[in-house]
$ cat final.cif   # mmCIF, C-alpha atoms
data_structure
loop_
_atom_site.label_atom_id
_atom_site.label_comp_id
_atom_site.auth_asym_id
_atom_site.auth_seq_id
_atom_site.Cartn_x
_atom_site.Cartn_y
_atom_site.Cartn_z
CA MET A 25 14.00 49.96 34.03
CA ILE A 26 13.95 51.25 30.44
CA ILE A 27 16.90 49.03 29.48
CA ALA A 28 15.21 46.02 31.02
CA ALA A 29 12.00 46.77 29.14
CA LEU A 30 13.88 47.01 25.84
CA GLN A 31 15.73 43.74 26.30
CA MET A 32 15.12 41.21 23.52
CA PRO A 33 13.17 38.11 24.54
CA SER A 34 15.20 34.95 24.95
CA MET A 35 15.19 32.18 22.37
CA SER A 36 13.12 29.95 24.65
CA ASP A 37 10.53 32.72 25.00
CA MET A 38 10.33 33.12 21.21
CA VAL A 39 10.00 29.37 20.71
CA ALA A 40 7.20 29.25 23.27
CA ALA A 41 5.43 32.33 21.86
CA PHE A 42 5.48 31.39 18.20
CA ARG A 43 5.49 27.60 18.72
CA LEU A 44 8.59 27.30 16.55
CA ASP A 45 8.98 23.74 17.80
CA LEU A 46 5.61 22.91 16.24
CA VAL A 47 6.58 24.70 13.03
CA SER A 48 9.73 22.59 12.77
CA LYS A 49 7.70 19.42 13.30
CA LEU A 50 5.19 20.35 10.62
CA VAL A 51 7.88 21.29 8.13
CA LEU A 52 9.68 18.00 8.73
CA ALA A 53 6.39 16.13 8.39
CA VAL A 54 5.82 17.79 5.00
CA LEU A 55 9.32 16.84 3.85
CA LEU A 56 9.16 13.22 5.02
CA GLY A 57 5.60 12.65 3.83
CA GLY A 58 6.45 14.37 0.57
CA ALA A 59 9.50 12.16 -0.01
CA ILE A 60 7.39 9.01 0.27
CA GLY A 61 4.51 10.59 -1.63
CA LEU A 62 6.81 11.58 -4.49
CA GLU A 63 7.95 7.98 -4.88
CA ARG A 64 4.32 6.83 -4.92
CA GLN A 65 3.41 9.57 -7.43
CA MET A 66 6.22 8.54 -9.76
CA ALA A 67 5.05 4.94 -9.47
CA GLY A 68 1.62 6.02 -10.67
CA LYS A 69 -0.23 5.21 -7.43
CA ALA A 70 -3.44 6.90 -6.32
CA SER A 71 -2.02 7.78 -2.90
CA GLY A 72 0.56 10.19 -4.24
CA LEU A 73 2.34 13.36 -3.17
CA ARG A 74 -0.47 15.42 -1.65
CA THR A 75 -2.16 12.47 0.06
CA ASN A 76 0.97 11.36 1.91
CA ILE A 77 1.93 14.92 2.84
CA LEU A 78 -1.49 15.59 4.35
CA ILE A 79 -1.51 12.30 6.26
CA CYS A 80 1.95 12.87 7.71
CA LEU A 81 1.20 16.52 8.48
CA GLY A 82 -2.09 15.74 10.17
CA SER A 83 -0.58 12.94 12.24
CA ALA A 84 2.23 15.19 13.45
CA LEU A 85 -0.23 17.92 14.41
CA ILE A 86 -2.49 15.50 16.28
CA MET A 87 0.46 13.99 18.13
CA ASP A 88 1.70 17.42 19.20
CA LEU A 89 -1.81 18.34 20.31
CA SER A 90 -2.11 15.09 22.24
CA MET A 91 1.16 15.72 24.07
CA ASN A 92 0.44 19.34 24.96
CA LEU A 93 -3.30 19.37 25.58
CA GLY A 94 -2.97 17.80 29.02
CA THR A 95 -0.71 20.59 30.31
CA SER A 96 -2.36 23.51 28.54
CA PHE A 97 -4.43 24.39 31.61
CA GLY A 98 -1.69 24.09 34.20
CA GLU A 99 1.59 22.47 35.15
CA VAL A 100 0.04 19.14 36.14
CA ARG A 101 -0.68 16.83 33.22
CA ILE A 102 -4.30 15.83 32.88
CA GLY A 103 -5.22 12.63 31.03
CA ASP A 104 -3.27 10.25 28.82
CA PRO A 105 -1.06 11.99 26.20
CA GLY A 106 -1.38 9.03 23.85
CA ARG A 107 -5.16 8.85 23.87
CA ILE A 108 -5.85 11.21 20.99
CA ALA A 109 -2.87 10.01 18.97
CA ALA A 110 -4.03 6.41 19.33
CA GLN A 111 -7.12 7.24 17.32
CA VAL A 112 -4.91 8.01 14.32
CA VAL A 113 -3.83 4.37 14.16
CA THR A 114 -7.48 3.30 14.01
CA GLY A 115 -8.74 6.14 11.85
CA ILE A 116 -6.05 5.80 9.19
CA GLY A 117 -7.41 2.34 8.51
CA PHE A 118 -10.47 3.86 6.84
CA ILE A 119 -8.28 5.71 4.34
CA GLY A 120 -6.13 2.65 3.81
CA ALA A 121 -9.17 0.47 3.19
CA GLY A 122 -10.26 2.89 0.48
CA THR A 123 -7.10 2.16 -1.51
CA ILE A 124 -7.64 -1.62 -1.49
CA MET A 125 -9.65 -2.94 -4.41
CA GLN A 126 -10.89 -6.46 -5.00
CA SER A 127 -12.13 -7.67 -8.35
CA ARG A 128 -13.06 -11.32 -8.86
CA GLY A 129 -10.28 -12.60 -6.65
CA ALA A 130 -7.56 -10.12 -7.66
CA ILE A 131 -6.58 -7.76 -4.84
CA THR A 132 -4.67 -4.52 -5.46
CA GLY A 133 -3.70 -1.56 -3.31
CA LEU A 134 -2.28 -3.39 -0.30
CA THR A 135 1.09 -1.67 -0.65
CA SER A 136 -0.58 1.74 -0.89
CA ALA A 137 -2.64 1.00 2.23
CA ALA A 138 0.46 -0.12 4.14
CA THR A 139 2.33 2.99 2.97
CA ILE A 140 -0.45 5.25 4.22
CA TRP A 141 -0.37 3.49 7.60
CA MET A 142 3.42 3.89 7.78
CA VAL A 143 3.29 7.57 6.81
CA ALA A 144 0.82 8.15 9.64
CA ALA A 145 3.22 6.42 12.03
CA ILE A 146 6.07 8.66 10.82
CA GLY A 147 3.88 11.71 11.36
CA LEU A 148 3.15 10.62 14.94
CA THR A 149 6.86 10.09 15.52
CA VAL A 150 7.63 13.60 14.25
CA GLY A 151 4.86 15.07 16.36
CA ALA A 152 6.32 13.40 19.43
CA GLY A 153 9.67 15.04 18.72
CA PHE A 154 11.63 11.93 17.76
CA PHE A 155 13.17 13.39 14.62
CA THR A 156 16.02 10.91 14.24
CA GLU A 157 13.66 7.94 14.44
CA ALA A 158 11.34 9.54 11.89
CA LEU A 159 14.19 10.18 9.46
CA GLY A 160 15.42 6.61 9.83
CA ALA A 161 11.94 5.18 9.29
CA THR A 162 11.45 7.33 6.17
CA ALA A 163 14.75 6.12 4.73
CA LEU A 164 13.73 2.51 5.31
CA VAL A 165 10.32 3.06 3.71
CA MET A 166 11.95 4.61 0.66
CA LEU A 167 14.33 1.65 0.44
CA VAL A 168 11.46 -0.84 0.62
CA LEU A 169 9.29 0.99 -1.92
CA ALA A 170 12.00 1.84 -4.44
CA GLY A 171 14.71 -0.78 -3.94
CA LEU A 172 12.65 -3.85 -3.13
CA GLY A 173 10.05 -2.80 -5.69
CA ARG A 174 12.55 -3.54 -8.45
CA LEU A 175 13.43 -6.88 -6.86
CA GLU A 176 9.75 -7.76 -6.59
CA TYR A 177 9.26 -6.85 -10.25
CA ARG A 178 12.08 -9.19 -11.28
CA MET A 179 10.66 -11.99 -9.16
CA LEU A 180 7.26 -11.55 -10.78
CA ARG A 181 8.86 -11.95 -14.20
CA MET A 182 10.49 -15.26 -13.27
CA GLN A 183 9.00 -18.35 -14.87
CA ARG A 184 6.73 -20.43 -12.64
CA THR A 185 4.70 -23.60 -13.05
CA HIS A 186 1.24 -23.88 -11.49
CA GLU A 187 -1.49 -26.46 -11.51
CA CYS A 188 -4.94 -25.09 -12.19
CA THR A 189 -8.50 -26.17 -12.74
CA ILE A 190 -10.48 -24.33 -15.42
CA ARG A 191 -14.21 -24.97 -15.60
CA THR A 192 -15.86 -23.87 -18.84
CA LYS A 193 -19.13 -24.27 -20.64
CA PRO A 194 -19.58 -27.54 -22.59
CA GLY A 195 -17.94 -27.63 -26.01
CA ILE A 196 -15.05 -25.21 -25.31
CA THR A 197 -12.05 -26.51 -27.24
CA LEU A 198 -8.50 -26.91 -26.04
CA ASP A 199 -7.27 -24.72 -28.90
CA TRP A 200 -9.49 -21.86 -27.68
CA LEU A 201 -8.07 -22.20 -24.18
CA LYS A 202 -4.47 -22.35 -25.45
CA THR A 203 -4.98 -19.22 -27.56
CA THR A 204 -6.59 -17.33 -24.66
CA LEU A 205 -3.84 -18.28 -22.20
CA PHE A 206 -1.09 -17.56 -24.74
CA ALA A 207 -2.40 -13.99 -25.04
CA ASP A 208 -1.72 -13.63 -21.32
CA GLY A 209 1.80 -15.06 -21.60
CA LEU A 210 1.01 -18.57 -20.32
CA SER A 211 1.44 -21.93 -21.98
CA ILE A 212 -0.11 -25.31 -21.22
CA VAL A 213 2.47 -27.93 -20.25
CA LYS A 214 0.02 -30.73 -19.50
CA VAL A 215 -3.76 -31.00 -19.58
CA GLU A 216 -6.56 -33.48 -18.92
CA ILE A 217 -10.13 -32.85 -20.03
CA PHE A 218 -13.24 -34.04 -18.20
CA ASP A 219 -16.69 -33.61 -19.74
CA HIS A 220 -19.84 -33.35 -17.65
CA ALA A 221 -23.44 -32.58 -18.44
CA ASP A 222 -23.17 -28.92 -17.42
CA ASP A 223 -19.53 -28.10 -18.02
CA ARG A 224 -16.10 -29.09 -19.31
CA VAL A 225 -13.21 -29.17 -16.84
CA PHE A 226 -9.57 -28.68 -17.82
CA GLU A 227 -7.05 -29.98 -15.26
CA ALA A 228 -3.92 -28.24 -16.54
CA VAL A 229 -0.35 -27.44 -15.66
CA LEU A 230 0.52 -23.90 -16.79
CA ARG A 231 3.88 -22.20 -17.16
CA GLY A 232 4.75 -18.52 -17.45
CA PRO A 233 5.77 -15.37 -15.51
CA SER A 234 4.51 -15.30 -11.93
CA ARG A 235 2.61 -12.03 -12.31
CA GLN A 236 0.66 -13.34 -15.33
CA PHE A 237 -1.23 -16.05 -13.46
CA GLU A 238 -3.52 -13.69 -11.57
CA ILE A 239 -3.89 -11.51 -14.68
CA ALA A 240 -4.89 -14.54 -16.74
CA ARG A 241 -7.30 -15.69 -14.03
CA THR A 242 -9.00 -12.29 -13.91
CA GLU A 243 -9.32 -12.05 -17.69
CA LEU A 244 -10.59 -15.62 -18.05
CA LEU A 245 -13.28 -15.06 -15.43
CA GLU A 246 -14.49 -12.05 -17.41
CA ARG A 247 -15.24 -14.29 -20.40
CA ALA A 248 -18.69 -15.81 -20.69
CA GLU A 249 -17.21 -19.17 -21.75
CA VAL A 250 -15.37 -19.61 -18.43
CA LEU A 251 -17.35 -20.54 -15.31
CA ASN A 252 -14.48 -20.74 -12.82
CA MET A 253 -10.70 -20.99 -12.52
CA MET A 254 -8.72 -22.13 -9.51
CA LEU A 255 -4.95 -21.93 -9.23
CA GLY A 256 -3.13 -24.63 -7.28
#
$ encode --input "final.cif" --output "structure tokens"
Amino acid sequence: MIIAALQMPSMSDMVAAFRLDLVSKLVLAVLLGGAIGLERQMAGKASGLRTNILICLGSALIMDLSMNLGTSFGEVRIGDPGRIAAQVVTGIGFIGAGTIMQSRGAITGLTSAATIWMVAAIGLTVGAGFFTEALGATALVMLVLAGLGRLEYRMLRMQRTHECTIRTKPGITLDWLKTTLFADGLSIVKVEIFDHADDRVFEAVLRGPSRQFEIARTELLERAEVLNMMLG
């Protein structure tokens, strides 16, 4: 009897007592969320290291809770194990929406919002115990953010030609418009000018790096001389 009482608990008993399975999930969630968050931090994004870690960690915890809550009061499962976790998919949208900014037609933060949504999905995957899938998804996210980010940057630097309509106040000269656009890296290839009682309209063909068109549009719209600008 004494020997039996002094026997060490089995590994399964220790795992159940200290919830070591949950600890492993949370640690992995910190590592995976931190890996993505570190890339975002180095890229200078608002949703950086701590944000992504907390999102992934919270999602993993909620998923584990959702899976175990139904059997915590007995052997028979009560309720839907995915019901609580499903709310993460909806709730994370509020955080993601907070990273999206819109200013006079220029939208930024979509990648950060999508990253937050993906980190939450990875956290749910970890919480469900699918470690291999979570690791694979994290590797793909890192590839998209780091690898394709460089490709996207090169594509944005490629020269493009766009038609545009610039509506200004009466009397604005073509030289003023050329100087303003040149400061944003764009040049006028072709232009036609139409004068009206309330405005002057420039129907132009512009050429320059792809990323500069939206920048030029935003900066032009901030000038009092420009009433509107539409890119074709």
$ closest_residue --input "final.cif" --among "A:Asn252, A:Thr123, A:Thr135, A:Thr114" --to "Val165 in chain A" --atoms "only C-alpha atoms"
A:Thr135
$ resolve_selection --input "final.cif" --expression "the PyMOL selection byres ((chain A and resi 229) around 9)" --output "number ranges by chain"
A: 185-189, 211-215, 227-228, 230-231
$ closest_residue --input "final.cif" --among "A:Ile86, A:Ala161, A:Leu93, A:Ala240" --to "Gly209 in chain A" --atoms "all atoms listed in the file"
A:Ala240
$ residues_near_point --input "final.cif" --point "(-10.6, -15.5, -16.3)" --cutoff "12 Å" --atoms "only C-alpha atoms" --output "PyMOL selection string"
chain A and resi 127-130+188-192+201+204-205+208+236-255
$ residues_near_point --input "final.cif" --point "(0.5, 17.3, 16.6)" --cutoff "12 Å" --atoms "all atoms listed in the file" --output "PyMOL selection string"
chain A and resi 43+45-51+53+79-93+105-106+108-109+112+144+146-153
$ resolve_selection --input "final.cif" --expression "the PyMOL selection byres ((chain A and resi 198) around 10)" --output "number ranges by chain"
A: 195-197, 199-204, 212, 215-217, 226
$ write_last_selection --input "final.cif" --atoms "C-alpha atoms" --output "PDB file, keeping the file's coordinate frame"
ATOM      1  CA  GLY A 195     -17.940 -27.630 -26.010  1.00  0.00           C
ATOM      2  CA  ILE A 196     -15.050 -25.210 -25.310  1.00  0.00           C
ATOM      3  CA  THR A 197     -12.050 -26.510 -27.240  1.00  0.00           C
ATOM      4  CA  ASP A 199      -7.270 -24.720 -28.900  1.00  0.00           C
ATOM      5  CA  TRP A 200      -9.490 -21.860 -27.680  1.00  0.00           C
ATOM      6  CA  LEU A 201      -8.070 -22.200 -24.180  1.00  0.00           C
ATOM      7  CA  LYS A 202      -4.470 -22.350 -25.450  1.00  0.00           C
ATOM      8  CA  THR A 203      -4.980 -19.220 -27.560  1.00  0.00           C
ATOM      9  CA  THR A 204      -6.590 -17.330 -24.660  1.00  0.00           C
ATOM     10  CA  ILE A 212      -0.110 -25.310 -21.220  1.00  0.00           C
ATOM     11  CA  VAL A 215      -3.760 -31.000 -19.580  1.00  0.00           C
ATOM     12  CA  GLU A 216      -6.560 -33.480 -18.920  1.00  0.00           C
ATOM     13  CA  ILE A 217     -10.130 -32.850 -20.030  1.00  0.00           C
ATOM     14  CA  PHE A 226      -9.570 -28.680 -17.820  1.00  0.00           C
TER      15      PHE A 226
END
$ closest_residue --input "final.cif" --among "A:Leu55, A:Gln65, A:Leu44, A:Gly120" --to "Thr132 in chain A" --atoms "all atoms listed in the file"
A:Gly120
$ closest_residue --input "final.cif" --among "A:Leu78, A:Ala70, A:Ile60, A:Val54" --to "Leu169 in chain A" --atoms "all atoms listed in the file"
A:Ile60
$ closest_residue --input "final.cif" --among "A:Gly133, A:Thr162, A:Ala170, A:Ile116" --to "Met66 in chain A" --atoms "only C-alpha atoms"
A:Ala170
$ atom_distance --input "final.cif" --atom1 "CA of Gln111 in chain A" --atom2 "CA of Phe154 in chain A"
19.3 Å
